[in-house]
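Asks: For reference, this is coords-v7.cif, and it has mmCIF, C-alpha atoms.
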```
data_final
loop_
_atom_site.label_atom_id
_atom_site.label_comp_id
_atom_site.auth_asym_id
_atom_site.auth_seq_id
_atom_site.Cartn_x
_atom_site.Cartn_y
_atom_site.Cartn_z
CA GLY C 168 -13.91 5.04 -6.54
CA ASP C 169 -11.61 2.60 -8.24
CA SER C 170 -13.21 -0.57 -9.59
CA VAL C 171 -12.59 -3.61 -11.79
CA THR C 172 -15.19 -5.36 -13.94
CA GLN C 173 -14.66 -8.84 -15.34
CA MET C 174 -16.76 -10.90 -17.68
CA GLU C 175 -19.03 -13.28 -15.84
CA GLY C 176 -18.39 -16.97 -15.83
CA PRO C 177 -18.23 -19.76 -16.01
CA VAL C 178 -16.42 -19.81 -19.31
CA THR C 179 -16.36 -23.31 -20.78
CA LEU C 180 -13.96 -24.16 -23.61
CA SER C 181 -12.55 -27.24 -25.27
CA GLU C 182 -8.87 -28.03 -24.98
CA GLU C 183 -6.71 -26.09 -27.48
CA ALA C 184 -9.33 -23.36 -27.90
CA PHE C 185 -8.48 -19.65 -27.83
CA LEU C 186 -9.22 -17.88 -24.57
CA THR C 187 -10.20 -14.29 -23.86
CA ILE C 188 -11.34 -13.08 -20.46
CA ASN C 189 -12.35 -9.43 -20.52
CA CYS C 190 -11.35 -7.00 -17.81
CA THR C 191 -12.02 -3.27 -17.68
CA TYR C 192 -11.19 -0.85 -14.92
CA THR C 193 -11.96 2.56 -13.50
CA ALA C 194 -9.19 4.38 -11.70
CA THR C 195 -7.63 7.77 -11.30
CA GLY C 196 -4.01 8.21 -12.23
CA TYR C 197 -1.93 5.34 -13.56
CA PRO C 198 -2.68 2.08 -11.79
CA SER C 199 -0.74 -1.15 -12.03
CA LEU C 200 -2.79 -4.06 -13.37
CA PHE C 201 -2.60 -7.73 -12.46
CA TRP C 202 -4.06 -11.10 -13.28
CA TYR C 203 -4.14 -13.67 -10.51
CA VAL C 204 -5.22 -17.30 -10.74
CA GLN C 205 -6.80 -19.41 -8.02
CA TYR C 206 -6.88 -23.18 -8.30
CA PRO C 207 -9.48 -25.10 -6.27
CA GLY C 208 -8.77 -24.97 -2.56
CA GLU C 209 -5.70 -22.80 -2.95
CA GLY C 210 -4.62 -19.20 -2.50
CA LEU C 211 -3.99 -16.67 -5.23
CA GLN C 212 -1.03 -16.89 -7.58
CA LEU C 213 0.22 -13.94 -9.58
CA LEU C 214 -0.10 -14.81 -13.27
CA LEU C 215 1.11 -11.60 -14.90
CA LYS C 216 1.25 -7.86 -14.44
CA ALA C 217 1.67 -4.56 -16.29
CA THR C 218 2.63 -1.30 -14.67
CA LYS C 219 2.16 1.28 -17.43
CA ALA C 220 0.19 1.90 -20.59
CA ASP C 221 0.97 -0.39 -23.56
CA ASP C 222 2.93 -2.79 -21.35
CA LYS C 223 2.29 -6.45 -22.15
CA GLY C 224 2.45 -8.94 -19.30
CA SER C 225 2.99 -12.59 -20.17
CA ASN C 226 3.47 -15.88 -18.37
CA LYS C 227 2.78 -19.57 -19.08
CA GLY C 228 1.32 -18.73 -22.50
CA PHE C 229 -1.07 -16.12 -21.08
CA GLU C 230 -0.85 -12.49 -22.20
CA ALA C 231 -2.55 -9.21 -21.33
CA THR C 232 -1.90 -5.70 -22.65
CA TYR C 233 -2.50 -2.55 -20.60
CA ARG C 234 -4.78 -0.41 -22.79
CA LYS C 235 -5.26 3.00 -21.24
CA GLU C 236 -7.42 4.33 -24.08
CA THR C 237 -10.00 1.59 -23.49
CA THR C 238 -9.20 1.10 -19.77
CA SER C 239 -8.85 -2.62 -20.39
CA PHE C 240 -6.53 -5.48 -19.51
CA HIS C 241 -7.98 -8.52 -21.25
CA LEU C 242 -6.41 -11.92 -20.60
CA GLU C 243 -5.67 -14.14 -23.62
CA LYS C 244 -4.17 -17.53 -24.34
CA GLY C 245 -3.82 -19.11 -27.73
CA SER C 246 -4.38 -22.73 -26.77
CA VAL C 247 -5.81 -23.68 -23.39
CA GLN C 248 -5.21 -26.92 -21.53
CA VAL C 249 -7.31 -28.82 -19.01
CA SER C 250 -4.80 -27.75 -16.34
CA ASP C 251 -5.77 -24.10 -16.95
CA SER C 252 -9.14 -24.73 -15.30
CA ALA C 253 -9.28 -22.30 -12.39
CA VAL C 254 -10.74 -18.95 -11.32
CA TYR C 255 -9.03 -15.91 -12.80
CA PHE C 256 -9.05 -12.53 -11.08
CA CYS C 257 -8.21 -9.16 -12.57
CA ALA C 258 -6.97 -6.57 -10.06
CA LEU C 259 -5.58 -3.07 -9.96
CA LYS C 260 -3.38 -1.15 -7.58
CA ALA C 261 -3.71 2.60 -7.80
CA SER C 262 -0.52 4.60 -7.65
CA SER C 263 -1.88 6.59 -4.72
CA ASN C 264 -3.21 3.61 -2.83
CA TYR C 265 -2.00 0.58 -0.97
CA GLN C 266 -4.64 -2.03 -1.61
CA LEU C 267 -5.55 -4.27 -4.49
CA ILE C 268 -8.99 -3.72 -5.99
CA TRP C 269 -10.41 -6.94 -7.40
CA GLY C 270 -12.84 -8.08 -9.99
CA ALA C 271 -15.37 -10.75 -9.05
CA GLY C 272 -13.40 -13.50 -10.77
CA THR C 273 -14.10 -15.61 -13.84
CA LYS C 274 -14.29 -19.37 -13.53
CA LEU C 275 -12.69 -21.14 -16.48
CA ILE C 276 -13.57 -24.74 -17.28
CA ILE C 277 -11.57 -26.57 -19.94
CA LYS C 278 -12.99 -29.82 -21.25
CA PRO C 279 -10.76 -32.48 -22.84
CA GLU Y 815 13.46 -17.84 -1.00
CA THR Y 816 10.54 -18.86 1.18
CA GLY Y 817 7.00 -17.97 0.18
CA VAL Y 818 4.11 -16.66 2.23
CA THR Y 819 2.87 -19.19 4.75
CA GLN Y 820 -0.34 -19.06 6.76
CA SER Y 821 -1.57 -21.05 9.72
CA PRO Y 822 -3.79 -22.81 10.41
CA THR Y 823 -5.14 -23.95 7.03
CA HIS Y 824 -8.60 -24.70 8.38
CA LEU Y 825 -10.43 -23.60 11.49
CA ILE Y 826 -13.91 -24.05 12.93
CA LYS Y 827 -15.14 -21.62 15.58
CA THR Y 828 -18.40 -20.93 17.35
CA ARG Y 829 -20.25 -17.64 17.00
CA GLY Y 830 -19.04 -15.16 19.62
CA GLN Y 831 -15.59 -16.67 19.96
CA GLN Y 832 -12.29 -15.02 19.06
CA VAL Y 833 -9.76 -16.23 16.50
CA THR Y 834 -6.14 -15.48 15.61
CA LEU Y 835 -4.72 -16.22 12.18
CA ARG Y 836 -0.99 -16.09 11.44
CA CYS Y 837 1.10 -15.20 8.45
CA SER Y 838 4.81 -15.32 7.68
CA SER Y 839 5.76 -12.96 4.88
CA GLN Y 840 8.00 -13.78 1.96
CA SER Y 841 11.68 -13.23 2.60
CA GLY Y 842 12.63 -9.58 2.06
CA HIS Y 843 9.06 -8.26 2.06
CA ASN Y 844 8.23 -5.59 4.63
CA THR Y 845 4.50 -5.13 4.02
CA VAL Y 846 1.67 -7.49 4.87
CA SER Y 847 -1.95 -7.17 3.76
CA TRP Y 848 -4.96 -9.22 4.80
CA TYR Y 849 -7.96 -10.00 2.61
CA GLN Y 850 -11.27 -11.74 3.21
CA GLN Y 851 -12.65 -13.87 0.38
CA ALA Y 852 -16.21 -15.09 0.70
CA LEU Y 853 -17.20 -18.10 -1.35
CA GLY Y 854 -17.55 -17.28 -5.04
CA GLN Y 855 -16.38 -13.68 -4.65
CA GLY Y 856 -13.24 -11.66 -5.09
CA PRO Y 857 -11.06 -10.76 -2.11
CA GLN Y 858 -11.94 -7.75 0.04
CA PHE Y 859 -9.16 -5.70 1.61
CA ILE Y 860 -9.14 -5.76 5.42
CA PHE Y 861 -5.93 -3.85 6.28
CA GLN Y 862 -2.24 -3.50 5.60
CA TYR Y 863 0.73 -3.33 7.95
CA TYR Y 864 4.07 -1.69 7.30
CA ARG Y 865 6.81 -1.31 9.89
CA GLU Y 866 4.54 -2.72 12.57
CA GLU Y 867 1.84 -0.10 12.05
CA GLU Y 868 -1.48 -0.19 10.27
CA ASN Y 869 -0.96 1.48 6.91
CA GLY Y 870 -4.49 1.42 5.55
CA ARG Y 871 -7.83 -0.21 6.29
CA GLY Y 872 -10.82 -1.38 4.30
CA ASN Y 873 -14.46 -1.32 5.32
CA PHE Y 874 -14.23 -3.75 8.22
CA PRO Y 875 -15.37 -3.16 11.84
CA PRO Y 876 -12.90 -2.67 14.71
CA ARG Y 877 -13.36 -6.25 15.88
CA PHE Y 878 -10.97 -7.07 13.04
CA SER Y 879 -7.52 -6.12 14.28
CA GLY Y 880 -3.96 -7.02 13.47
CA LEU Y 881 -0.34 -6.95 14.42
CA GLN Y 882 2.95 -6.97 12.58
CA PHE Y 883 6.12 -8.13 14.29
CA PRO Y 884 9.74 -6.98 13.80
CA ASN Y 885 10.40 -9.97 11.51
CA TYR Y 886 7.45 -8.76 9.34
CA SER Y 887 5.21 -11.68 10.23
CA SER Y 888 1.64 -10.76 11.07
CA GLU Y 889 -1.50 -11.79 12.90
CA LEU Y 890 -5.15 -11.16 12.15
CA ASN Y 891 -7.48 -11.20 15.13
CA VAL Y 892 -11.23 -11.32 14.90
CA ASN Y 893 -13.34 -10.86 18.03
CA ALA Y 894 -17.01 -11.71 18.59
CA LEU Y 895 -17.18 -13.96 15.54
CA GLU Y 896 -20.31 -13.82 13.41
CA LEU Y 897 -21.60 -16.39 10.95
CA ASP Y 898 -20.81 -13.99 8.06
CA ASP Y 899 -17.14 -14.07 9.04
CA SER Y 900 -16.95 -17.53 7.49
CA ALA Y 901 -14.55 -17.08 4.57
CA LEU Y 902 -11.07 -17.72 3.23
CA TYR Y 903 -8.62 -15.29 4.83
CA LEU Y 904 -5.66 -14.46 2.65
CA CYS Y 905 -2.39 -12.89 3.65
CA ALA Y 906 -0.24 -11.16 1.06
CA SER Y 907 3.26 -9.81 1.39
CA SER Y 908 4.96 -7.22 -0.77
CA LEU Y 909 7.42 -4.41 -0.81
CA VAL Y 910 5.90 -1.05 -0.01
CA ARG Y 911 6.59 0.39 -3.48
CA SER Y 912 3.27 1.27 -5.09
CA LYS Y 913 3.78 -0.87 -8.21
CA ALA Y 914 5.01 -3.90 -6.32
CA GLU Y 915 3.01 -7.07 -6.79
CA ALA Y 916 1.63 -8.95 -3.82
CA PHE Y 917 2.37 -12.61 -3.17
CA PHE Y 918 -0.29 -14.63 -1.40
CA GLY Y 919 -0.32 -17.48 1.03
CA GLN Y 920 -2.62 -20.46 0.60
CA GLY Y 921 -5.15 -18.95 2.99
CA THR Y 922 -6.96 -19.96 6.16
CA ARG Y 923 -10.46 -21.31 5.72
CA LEU Y 924 -12.51 -20.10 8.72
CA THR Y 925 -15.92 -21.59 9.38
CA VAL Y 926 -18.12 -20.02 12.06
CA VAL Y 927 -20.96 -22.20 13.32
#
```
Please express what this file holds, its structure, as C-alpha cells.

Replies:
Amino acid sequence: GDSVTQMEGPVTLSEEAFLTINCTYTATGYPSLFWYVQYPGEGLQLLLKATKADDKGSNKGFEATYRKETTSFHLEKGSVQVSDSAVYFCALKASSNYQLIWGAGTKLIIKP
Amino acid sequence: ETGVTQSPTHLIKTRGQQVTLRCSSQSGHNTVSWYQQALGQGPQFIFQYYREEENGRGNFPPRFSGLQFPNYSSELNVNALELDDSALYLCASSLVRSKAEAFFGQGTRLTVV
C-alpha cells in the first residue's frame, strides 16, 4: 500500500543553519504531496504542497520539490530560526484515495 | 473566513465510558476527516464524511463512529473507551477534490484513565 518514510529525529541545528528533512514515498498513480508542521500542543498546519511531478511548493522560506524519478519530497530551508522548532510531517494523498498517508514526523530543534 | 474549530480542547474519561468530540469545518468546505494521533506518532486516519455519509474508513473498530450535519460540522463518537484511545484527535476539513489540501483544527486531547 501507499506509505511515507521520513528521516528520524530529532534533528538539532544552530540558528541560521541549512535544513534538509528527507521524505520518500511509495504510491500508485500520481499522488499530491504535503508538508505539515505541528508546534507543541497544537494541531497541524499546512506548510506547503505540490500536486504534480517537478512542482515546487514553498512557504515561509521552506521549499520542497516533487521528484517522481526518486519518489522524494525533501523539505529544505536556507537559514533556520529558533521559531522553526517543531515537528514536521510529510504526507501524501493518492489520486484514487480520500485519506492522507503520513510519515512518522521529524522533530526539529533549533538552538540559538 | 473561519478556520476549523474543535471542542473540547481537553477531556478526561474513565475506561468504558463514551465520548463525543465536535468539529466545525472551515467555511466552504464540504468534507470532514478525523484522525487519531498517539503521542510521538503521525496521525492515523479514522474516517471521512462527505454529504453526511461516511466516505471512507481506516482500520478502526466500529465503536468509533461519526456524524456529519447539513452545515458540514461533524462529531466523532467513541464507545467503550479503552486506555489505548488516549490520543490527540484531529479534525480536518477540505473540499472533496482529490488534490485538495486538508486544514486541521487544534485537536482534542483525550485522556482515558

Asks: Between CA of Phe240 (chain C) and CA of Asn189 (chain C), measure the distance and give it in Å to one decimal.

Replies: 7.1 Å

Asks: Could you pull the residues within 10 Å of Glu175 (chain C), counting all atoms listed in the file, minus those fewer than 6 positions along the same chain, as a VMD selection string?

Replies: chain C and resid 188 to 189 270 to 274

Asks: Keeping C-alpha atoms for every residue in the selection just given, could you write it to a file as a compact mmCIF listing (two decimals), in the frame of the given file?

Replies:
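Listing of part_2.txt after writing:
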```txt
# COMPACT_ATOMS: atom_id res chain seq x y z
CA ILE C 188 -11.34 -13.08 -20.46
CA ASN C 189 -12.35 -9.43 -20.52
CA GLY C 270 -12.84 -8.08 -9.99
CA ALA C 271 -15.37 -10.75 -9.05
CA GLY C 272 -13.40 -13.50 -10.77
CA THR C 273 -14.10 -15.61 -13.84
CA LYS C 274 -14.29 -19.37 -13.53
```

Asks: For the PyMOL selection byres ((chain C) within 12 of (chain Y)), applied here, can you spell out every residue it catches as an mmCIF file with C-alpha atoms, in the coordinates of the input?

Replies:
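Written file, out-v2.cif:
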```cif
data_model
loop_
_atom_site.group_PDB
_atom_site.id
_atom_site.type_symbol
_atom_site.label_atom_id
_atom_site.label_comp_id
_atom_site.auth_asym_id
_atom_site.auth_seq_id
_atom_site.Cartn_x
_atom_site.Cartn_y
_atom_site.Cartn_z
ATOM 1 C CA SER C 170 -13.210 -0.570 -9.590
ATOM 2 C CA VAL C 171 -12.590 -3.610 -11.790
ATOM 3 C CA THR C 172 -15.190 -5.360 -13.940
ATOM 4 C CA GLN C 173 -14.660 -8.840 -15.340
ATOM 5 C CA GLU C 175 -19.030 -13.280 -15.840
ATOM 6 C CA GLY C 176 -18.390 -16.970 -15.830
ATOM 7 C CA PRO C 177 -18.230 -19.760 -16.010
ATOM 8 C CA TYR C 197 -1.930 5.340 -13.560
ATOM 9 C CA PRO C 198 -2.680 2.080 -11.790
ATOM 10 C CA SER C 199 -0.740 -1.150 -12.030
ATOM 11 C CA LEU C 200 -2.790 -4.060 -13.370
ATOM 12 C CA PHE C 201 -2.600 -7.730 -12.460
ATOM 13 C CA TRP C 202 -4.060 -11.100 -13.280
ATOM 14 C CA TYR C 203 -4.140 -13.670 -10.510
ATOM 15 C CA VAL C 204 -5.220 -17.300 -10.740
ATOM 16 C CA GLN C 205 -6.800 -19.410 -8.020
ATOM 17 C CA TYR C 206 -6.880 -23.180 -8.300
ATOM 18 C CA PRO C 207 -9.480 -25.100 -6.270
ATOM 19 C CA GLY C 208 -8.770 -24.970 -2.560
ATOM 20 C CA GLU C 209 -5.700 -22.800 -2.950
ATOM 21 C CA GLY C 210 -4.620 -19.200 -2.500
ATOM 22 C CA LEU C 211 -3.990 -16.670 -5.230
ATOM 23 C CA GLN C 212 -1.030 -16.890 -7.580
ATOM 24 C CA LEU C 213 0.220 -13.940 -9.580
ATOM 25 C CA LEU C 214 -0.100 -14.810 -13.270
ATOM 26 C CA LEU C 215 1.110 -11.600 -14.900
ATOM 27 C CA LYS C 216 1.250 -7.860 -14.440
ATOM 28 C CA ALA C 217 1.670 -4.560 -16.290
ATOM 29 C CA THR C 218 2.630 -1.300 -14.670
ATOM 30 C CA LYS C 219 2.160 1.280 -17.430
ATOM 31 C CA VAL C 254 -10.740 -18.950 -11.320
ATOM 32 C CA TYR C 255 -9.030 -15.910 -12.800
ATOM 33 C CA PHE C 256 -9.050 -12.530 -11.080
ATOM 34 C CA CYS C 257 -8.210 -9.160 -12.570
ATOM 35 C CA ALA C 258 -6.970 -6.570 -10.060
ATOM 36 C CA LEU C 259 -5.580 -3.070 -9.960
ATOM 37 C CA LYS C 260 -3.380 -1.150 -7.580
ATOM 38 C CA ALA C 261 -3.710 2.600 -7.800
ATOM 39 C CA SER C 262 -0.520 4.600 -7.650
ATOM 40 C CA SER C 263 -1.880 6.590 -4.720
ATOM 41 C CA ASN C 264 -3.210 3.610 -2.830
ATOM 42 C CA TYR C 265 -2.000 0.580 -0.970
ATOM 43 C CA GLN C 266 -4.640 -2.030 -1.610
ATOM 44 C CA LEU C 267 -5.550 -4.270 -4.490
ATOM 45 C CA ILE C 268 -8.990 -3.720 -5.990
ATOM 46 C CA TRP C 269 -10.410 -6.940 -7.400
ATOM 47 C CA GLY C 270 -12.840 -8.080 -9.990
ATOM 48 C CA ALA C 271 -15.370 -10.750 -9.050
ATOM 49 C CA GLY C 272 -13.400 -13.500 -10.770
ATOM 50 C CA THR C 273 -14.100 -15.610 -13.840
ATOM 51 C CA LYS C 274 -14.290 -19.370 -13.530
#
```

Asks: Between CA of Glu183 (chain C) and CA of Ala231 (chain C), what is the distance, to one decimal in Å?

Replies: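 Separation of CA of Glu183 (chain C) and CA of Ala231 (chain C): 18.4 Å.
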
Asks: In Å, with one decimal, what is the gap from CA of Lys278 (chain C) to CA of Leu186 (chain C)?

Replies: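 According to the coordinates, CA of Lys278 (chain C) and CA of Leu186 (chain C) are separated by 13.0 Å.
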
Asks: Could I get region 897-927 of chain Y from the block written out with C-alpha atoms, as a PDB file, in the first residue's frame?

Replies:
```pdb
ATOM      1  CA  LEU Y 897      -6.755   3.163  27.725  1.00  0.00           C
ATOM      2  CA  ASP Y 898      -5.173   2.998  24.231  1.00  0.00           C
ATOM      3  CA  ASP Y 899      -7.742   5.503  22.980  1.00  0.00           C
ATOM      4  CA  SER Y 900      -5.789   8.204  24.788  1.00  0.00           C
ATOM      5  CA  ALA Y 901      -4.541  10.453  21.990  1.00  0.00           C
ATOM      6  CA  LEU Y 902      -4.921  13.757  20.200  1.00  0.00           C
ATOM      7  CA  TYR Y 903      -7.967  13.630  17.922  1.00  0.00           C
ATOM      8  CA  LEU Y 904      -7.699  15.867  14.902  1.00  0.00           C
ATOM      9  CA  CYS Y 905     -10.437  17.038  12.608  1.00  0.00           C
ATOM     10  CA  ALA Y 906      -9.620  18.214   9.104  1.00  0.00           C
ATOM     11  CA  SER Y 907     -11.859  19.868   6.558  1.00  0.00           C
ATOM     12  CA  SER Y 908     -11.366  20.067   2.825  1.00  0.00           C
ATOM     13  CA  LEU Y 909     -13.097  20.131  -0.489  1.00  0.00           C
ATOM     14  CA  VAL Y 910     -13.759  16.709  -1.923  1.00  0.00           C
ATOM     15  CA  ARG Y 911     -11.438  17.227  -4.908  1.00  0.00           C
ATOM     16  CA  SER Y 912      -8.659  14.643  -4.710  1.00  0.00           C
ATOM     17  CA  LYS Y 913      -5.793  17.163  -4.759  1.00  0.00           C
ATOM     18  CA  ALA Y 914      -7.358  19.475  -2.209  1.00  0.00           C
ATOM     19  CA  GLU Y 915      -5.333  20.096   0.917  1.00  0.00           C
ATOM     20  CA  ALA Y 916      -6.820  19.483   4.338  1.00  0.00           C
ATOM     21  CA  PHE Y 917      -6.959  22.142   7.036  1.00  0.00           C
ATOM     22  CA  PHE Y 918      -6.769  20.977  10.627  1.00  0.00           C
ATOM     23  CA  GLY Y 919      -8.233  22.109  13.885  1.00  0.00           C
ATOM     24  CA  GLN Y 920      -6.146  22.384  17.036  1.00  0.00           C
ATOM     25  CA  GLY Y 921      -7.287  18.950  18.186  1.00  0.00           C
ATOM     26  CA  THR Y 922      -8.918  17.429  21.245  1.00  0.00           C
ATOM     27  CA  ARG Y 923      -6.589  15.804  23.741  1.00  0.00           C
ATOM     28  CA  LEU Y 924      -8.417  12.761  25.161  1.00  0.00           C
ATOM     29  CA  THR Y 925      -7.041  11.000  28.214  1.00  0.00           C
ATOM     30  CA  VAL Y 926      -8.608   7.707  29.293  1.00  0.00           C
ATOM     31  CA  VAL Y 927      -7.868   6.647  32.867  1.00  0.00           C
TER      32      VAL Y 927
END
```
